[in-house]
Amino acid sequence: MTSRYRWWFLPRSDREFPRRWTDWLRFAVAVLVVLIAATGVALREPLHRAFSCGSVFDTAAWSAGGECVGLSDGSYDFGLGAFTPVLRTIERQNAAAADKCDPNGTPMTVGVLVTLTDRYTGGRALHELEGMAAGQRHANDTGCLHPMRLVVAHIGAYGPDNEAVEVARELAGAPDVVAVAGLGLSQQRSAVVADLLAEAKIPMVADLITAEGFDQTGSRDDQPDFRSCDVDITYPHGVGKDYYYRVAYRNAAQIDQLASVLPGRADFIMVPTGGSDPYTCTALPMMQRRFGGKITEVKFDADEASTVPLTAQRICGLAKDVTVLYIARGSDLARLLFSVDEAFTGGRCAATSITVASTSDGQRVRAPEDNAMLEDLRLRALRSPSFADGRIRLISTLVAGADRSRGTNPGFADLERAFTEAGFDLAHLDDGWAVNAYDSITTISAAARTLPTPKPVQRSQINTAISGFSTAGQAVAGAGGPITFDNSGNRANAGPPVVRVCPLRPATGDRPARTTSVVLQPGGAATC
């Protein structure tokens with residue numbers, strides 16, 4: 001029997017009329033399937049965003065690298081319960097932004113671009129976001145001209161996916177965003193993000209990036225050496241031309257400060273293997289040059305914890321007061337301190353004492369870890385017998401310029417007040433990330449307060465105002481001290497203090513103990 005169809009779905013033309021409408025049913029189904037498939041391909045990304053993270057009706061957050069990334073006004077927490085309270089605080093502050101501001105002032109939106117989950121952040125990521133929220137609270141307080149609303153841009157952990165750039169592109173496409181604070185960590189991806197935002201003419205104030213190259217001129221005045229870094233990097237040519245500023249003290253300024261308080265020649269430089277981390281690969285040649293060169297480099301594998309105790313054995317081999325320059329990430333520092341204490345306690349350390357001198361990421365040991373194993377190592381290291389009696393000493397620069405009110409930073413009291421009013425724990429100020437986050441928002445707020453109220457705030461106006469913070473008379477009153485910028489967008493004030501991190505005392509009551517520090521002056525002693 002001859003079929004009524006060609007190719008299963010098309011009615012044969014040689015059949016007698018009239019044809020039944022059902023003859024065209026297969027054809028209609030085939031066309032519908034093709035249309036659905038084509039629509040699915042065209043809308044694959046929007047559909048993925050709609051059903052992967054957040055709400056079906058809100059595609060500002062999506063899944064990448066196995067986690068939720070994207071934008072939030074505080075109403076969505078990216079599936080990260082630890083950040084729900086601070087994000088809800090931002091949501092409430094956004095709703096009340098205009099309550100204390102000039103009624104004629106036009107509102108503005110500031111992007112907060114952060115990584116909440118990268119392994120190099122630890123518990124400090126929460127502190128950073130709290131600092132941003134405190135900065136917003138202070139910005140919208142008495143004297144406010146333009147109500148500030150925040151939109152949080154979570155880029156996720158740095159990995160093979162290009163989520164940081166995609167999130168930044170989403171942020172740059174928001175017409176109401178007039179500036180961006182944060183920018184993430186010292187990573188090549190951050191350089192790409194800075195260039196993308198600069199193309200959109202968005203001024204940005206980085207709070208944590210300290211590596212050389214991450215300024216508008218590639219740190220050329222510091223004469224950095226990038227030969228230890230990866231070959232496919234762009235930051236040696238500078239980042240965010242004309243629109244990038246940072247309140248974090250760059251590595252060169254930190255290393256100069258360390259050299260001013262460390263007498264004599266260092267014995268070792270502890271450095272991780274590989275050249276993918278700009279924070280360490282740009283600091284290594286600068287450390288060698290600043291401390292006389294040809295210092296023995298003791299390397300370890302940051303992905304293999306067992307190599308850190310081997311490093312401790314190496315530096316314990318000298319029968320003298322040993323100085324170790326530490327330029328690895330702070331995530332491995334507690335393990336080193338704990339391993340050295342074990343060597344002292346077990347009688348396997350010939351050194352009289354060991355001083356570990358670190359750039360600012362060493363302050364991580366002052367922040368509770370969100371990883372139970374790392375937190376146990378941190379507590380054991382800071383309460384160990386050798387650390388308590390001074391045979392092990394940790395000195396470090398402060399990324400924020402201050403960890404408490406020290407007389408030269410009256411803005412710290414404003415931070416403490418805003419932090420307390422927001423319901424945050426003051427202990428979260430100790431590691432410096434909240435301080436710098438607050439100062440990045442405060443810098444943008446100070447720029448907005450120079451602008452007339454009736455007119456909408458423009459990106460170009462904010463950028464011009466920030467670039468004008470270049471002399472002492474125009475300095476921003478930051479919590480970490482006065483803030484001015486040089487022609488490269490670097491913080492131009494005197495370098496950060498060097499402090500000795502003191503042993504951690506037992507907790508009292510139901511509140512955990514806070515770490516303390518004492519400032520170390522050239523030629524002086526720092527007694528805890």
# chains A, B, ... in the order shown; residues from 1 in each chain; ligands from 1

$ residues_around --residues "Gln216 of chain A" --least-positions-apart "6" --cutoff "7 Å" --atoms "only C-alpha atoms" --output "PDB file with N, CA, C and O atoms, in the first residue's frame"
ATOM      1  N   GLY A 238      50.445  47.624  32.432  1.00  0.00           N
ATOM      2  CA  GLY A 238      49.501  48.437  33.184  1.00  0.00           C
ATOM      3  C   GLY A 238      48.085  47.923  33.033  1.00  0.00           C
ATOM      4  O   GLY A 238      47.781  47.108  32.155  1.00  0.00           O
ATOM      5  N   VAL A 239      47.198  48.386  33.886  1.00  0.00           N
ATOM      6  CA  VAL A 239      45.794  47.973  33.855  1.00  0.00           C
ATOM      7  C   VAL A 239      44.901  49.199  34.022  1.00  0.00           C
ATOM      8  O   VAL A 239      45.288  50.186  34.648  1.00  0.00           O
ATOM      9  N   GLY A 240      43.713  49.130  33.438  1.00  0.00           N
ATOM     10  CA  GLY A 240      42.690  50.150  33.671  1.00  0.00           C
ATOM     11  C   GLY A 240      43.142  51.560  33.378  1.00  0.00           C
ATOM     12  O   GLY A 240      42.849  52.483  34.149  1.00  0.00           O
ATOM     13  N   LYS A 241      43.820  51.759  32.277  1.00  0.00           N
ATOM     14  CA  LYS A 241      44.391  53.071  31.942  1.00  0.00           C
ATOM     15  C   LYS A 241      43.389  54.203  32.162  1.00  0.00           C
ATOM     16  O   LYS A 241      42.273  54.185  31.648  1.00  0.00           O
ATOM     17  N   ASP A 242      43.799  55.192  32.956  1.00  0.00           N
ATOM     18  CA  ASP A 242      43.047  56.418  33.260  1.00  0.00           C
ATOM     19  C   ASP A 242      41.896  56.233  34.248  1.00  0.00           C
ATOM     20  O   ASP A 242      41.320  57.226  34.695  1.00  0.00           O
ATOM     21  N   TYR A 244      41.875  53.454  36.866  1.00  0.00           N
ATOM     22  CA  TYR A 244      42.174  52.485  37.924  1.00  0.00           C
ATOM     23  C   TYR A 244      42.962  53.136  39.064  1.00  0.00           C
ATOM     24  O   TYR A 244      43.973  53.810  38.836  1.00  0.00           O
ATOM     25  N   SER A 488      50.078  57.043  38.663  1.00  0.00           N
ATOM     26  CA  SER A 488      49.819  55.671  38.240  1.00  0.00           C
ATOM     27  C   SER A 488      48.562  55.090  38.882  1.00  0.00           C
ATOM     28  O   SER A 488      48.170  53.965  38.573  1.00  0.00           O
ATOM     29  N   GLY A 489      47.947  55.854  39.794  1.00  0.00           N
ATOM     30  CA  GLY A 489      46.776  55.357  40.506  1.00  0.00           C
ATOM     31  C   GLY A 489      47.125  54.613  41.777  1.00  0.00           C
ATOM     32  O   GLY A 489      46.240  54.052  42.432  1.00  0.00           O
TER      33      GLY A 489
END

$ select_by_dssp --residues "segment 112-317 of chain A" --states "alpha helix (DSSP H)" --output "JSON, numbers by chain"
{"A": [124, 125, 126, 127, 128, 129, 130, 131, 132, 133, 134, 135, 136, 137, 138, 139, 163, 164, 165, 166, 167, 168, 169, 170, 171, 172, 188, 189, 190, 191, 192, 193, 194, 195, 196, 197, 198, 199, 251, 252, 253, 254, 255, 256, 257, 258, 259, 260, 261, 278, 279, 280, 281, 283, 284, 285, 286, 287, 288, 289, 290, 307, 308, 309, 310, 311, 312, 313, 314, 315]}

$ closest_residue --among "A:Ala191, A:Ile444, A:Ala351, A:Ala252" --to "His237 of chain A" --atoms "only C-alpha atoms"
A:Ala191

$ residues_around --residues "Val247 of chain A" --least-positions-apart "3" --cutoff "10 Å" --atoms "only C-alpha atoms" --output "list in words"
Gly182, Val205, Ala206, Asp207, Leu208, Ile209, Thr210, Arg250, Val399, Ala400, Gly401, Asn436, Ala437, Asp439, Ser440, Thr443, Gly478, Gly480, Ile483, Thr484, Phe485, Gly489, Asn490, Arg491, Ala492 and Asn493 of chain A

$ residues_around --residues "Ala153 of chain A" --least-positions-apart "3" --cutoff "12 Å" --atoms "only C-alpha atoms" --output "JSON, numbers by chain"
{"A": [60, 61, 62, 68, 69, 70, 71, 72, 73, 74, 76, 77, 78, 87, 110, 111, 112, 113, 114, 115, 116, 129, 150, 156, 163, 164, 165, 166, 167, 168, 169, 170, 171, 172, 174, 177, 180, 181, 182, 183, 184]}

$ residues_around --residues "Asn463 of chain A" --least-positions-apart "3" --cutoff "9 Å" --atoms "only C-alpha atoms" --output "PyMOL selection string"
chain A and resi 179+201-204+242-244+444+447+458-460+466-468

$ closest_residue --among "A:Arg380, A:His428, A:Arg366, A:His146" --to "Glu130 of chain A" --atoms "only C-alpha atoms"
A:His428

$ closest_residue --among "A:Ala312, A:Leu185, A:Ile354, A:Ala157" --to "Val340 of chain A" --atoms "only C-alpha atoms"
A:Ala312

$ atom_distance --atom1 "atom CA of Val356 of chain A" --atom2 "atom CA of Ile392 of chain A"
7.6 Å

$ select_by_dssp --residues "segment 150-374 of chain A" --states "strand (DSSP E or B)" --output "PyMOL selection string"
chain A and resi 150-154+177-182+204-206+244-246+268-272+296-300+321-326+353-358

$ closest_residue --among "A:Glu67, A:Val151, A:Cys281, A:Val435" --to "Gln93 of chain A" --atoms "only C-alpha atoms"
A:Val151

$ closest_residue --among "A:Arg88, A:Val308, A:Gly275, A:Leu382" --to "Pro506 of chain A" --atoms "only C-alpha atoms"
A:Leu382

$ residues_around --residues "Gly524 of chain A" --least-positions-apart "4" --cutoff "10 Å" --atoms "only C-alpha atoms" --output "count of residues only"
3

$ closest_residue --among "A:Gly135, A:Pro285, A:Gly362, A:Gly173" --to "Ile441 of chain A" --atoms "only C-alpha atoms"
A:Gly135

$ atom_distance --atom1 "atom CA of Phe412 of chain A" --atom2 "atom CA of Ala211 of chain A"
25.3 Å

$ residues_around --residues "Ser353 of chain A" --least-positions-apart "6" --cutoff "8 Å" --atoms "only C-alpha atoms" --output "PyMOL selection string"
chain A and resi 320-322+390-393

$ write_last_selection --atoms "all heavy atoms" --output "short mmCIF file (atom, residue, chain, number, x, y, z; two decimals), in the first residue's frame"
data_model
loop_
_atom_site.label_atom_id
_atom_site.label_comp_id
_atom_site.auth_asym_id
_atom_site.auth_seq_id
_atom_site.Cartn_x
_atom_site.Cartn_y
_atom_site.Cartn_z
N LYS A 320 71.68 30.09 64.54
CA LYS A 320 71.77 31.55 64.72
C LYS A 320 70.35 32.11 64.76
O LYS A 320 69.37 31.37 64.66
CB LYS A 320 72.55 32.17 63.55
CG LYS A 320 71.89 31.95 62.19
CD LYS A 320 72.77 32.43 61.03
CE LYS A 320 72.90 33.93 60.95
NZ LYS A 320 71.65 34.57 60.42
N ASP A 321 70.26 33.43 64.94
CA ASP A 321 68.97 34.10 64.78
C ASP A 321 68.67 34.17 63.29
O ASP A 321 69.37 34.85 62.53
CB ASP A 321 69.01 35.51 65.37
CG ASP A 321 69.13 35.50 66.89
OD1 ASP A 321 68.55 34.58 67.51
OD2 ASP A 321 69.80 36.40 67.44
N VAL A 322 67.64 33.49 62.85
CA VAL A 322 67.33 33.34 61.43
C VAL A 322 66.21 34.29 61.02
O VAL A 322 65.23 34.47 61.75
CB VAL A 322 66.92 31.88 61.12
CG1 VAL A 322 66.46 31.74 59.67
CG2 VAL A 322 68.06 30.93 61.41
N GLY A 390 58.62 34.02 72.02
CA GLY A 390 59.40 34.88 71.14
C GLY A 390 60.46 34.19 70.32
O GLY A 390 61.16 34.85 69.55
N ARG A 391 60.61 32.87 70.47
CA ARG A 391 61.57 32.20 69.60
C ARG A 391 61.10 32.24 68.14
O ARG A 391 61.91 32.23 67.22
CB ARG A 391 61.78 30.76 70.05
CG ARG A 391 62.68 30.61 71.27
CD ARG A 391 62.79 29.15 71.68
NE ARG A 391 61.50 28.64 72.19
CZ ARG A 391 61.27 27.37 72.46
NH1 ARG A 391 62.22 26.46 72.24
NH2 ARG A 391 60.09 27.00 72.95
N ILE A 392 59.80 32.28 67.94
CA ILE A 392 59.22 32.52 66.62
C ILE A 392 58.53 33.87 66.66
O ILE A 392 57.71 34.14 67.54
CB ILE A 392 58.20 31.43 66.24
CG1 ILE A 392 58.83 30.05 66.24
CG2 ILE A 392 57.60 31.73 64.86
CD1 ILE A 392 57.82 28.93 66.01
N ARG A 393 58.88 34.72 65.70
CA ARG A 393 58.24 36.03 65.60
C ARG A 393 57.70 36.19 64.19
O ARG A 393 58.36 35.82 63.22
CB ARG A 393 59.23 37.17 65.90
CG ARG A 393 59.76 37.21 67.32
CD ARG A 393 60.34 38.59 67.64
NE ARG A 393 61.16 39.12 66.55
CZ ARG A 393 61.45 40.41 66.39
NH1 ARG A 393 60.97 41.30 67.25
NH2 ARG A 393 62.21 40.82 65.41
#
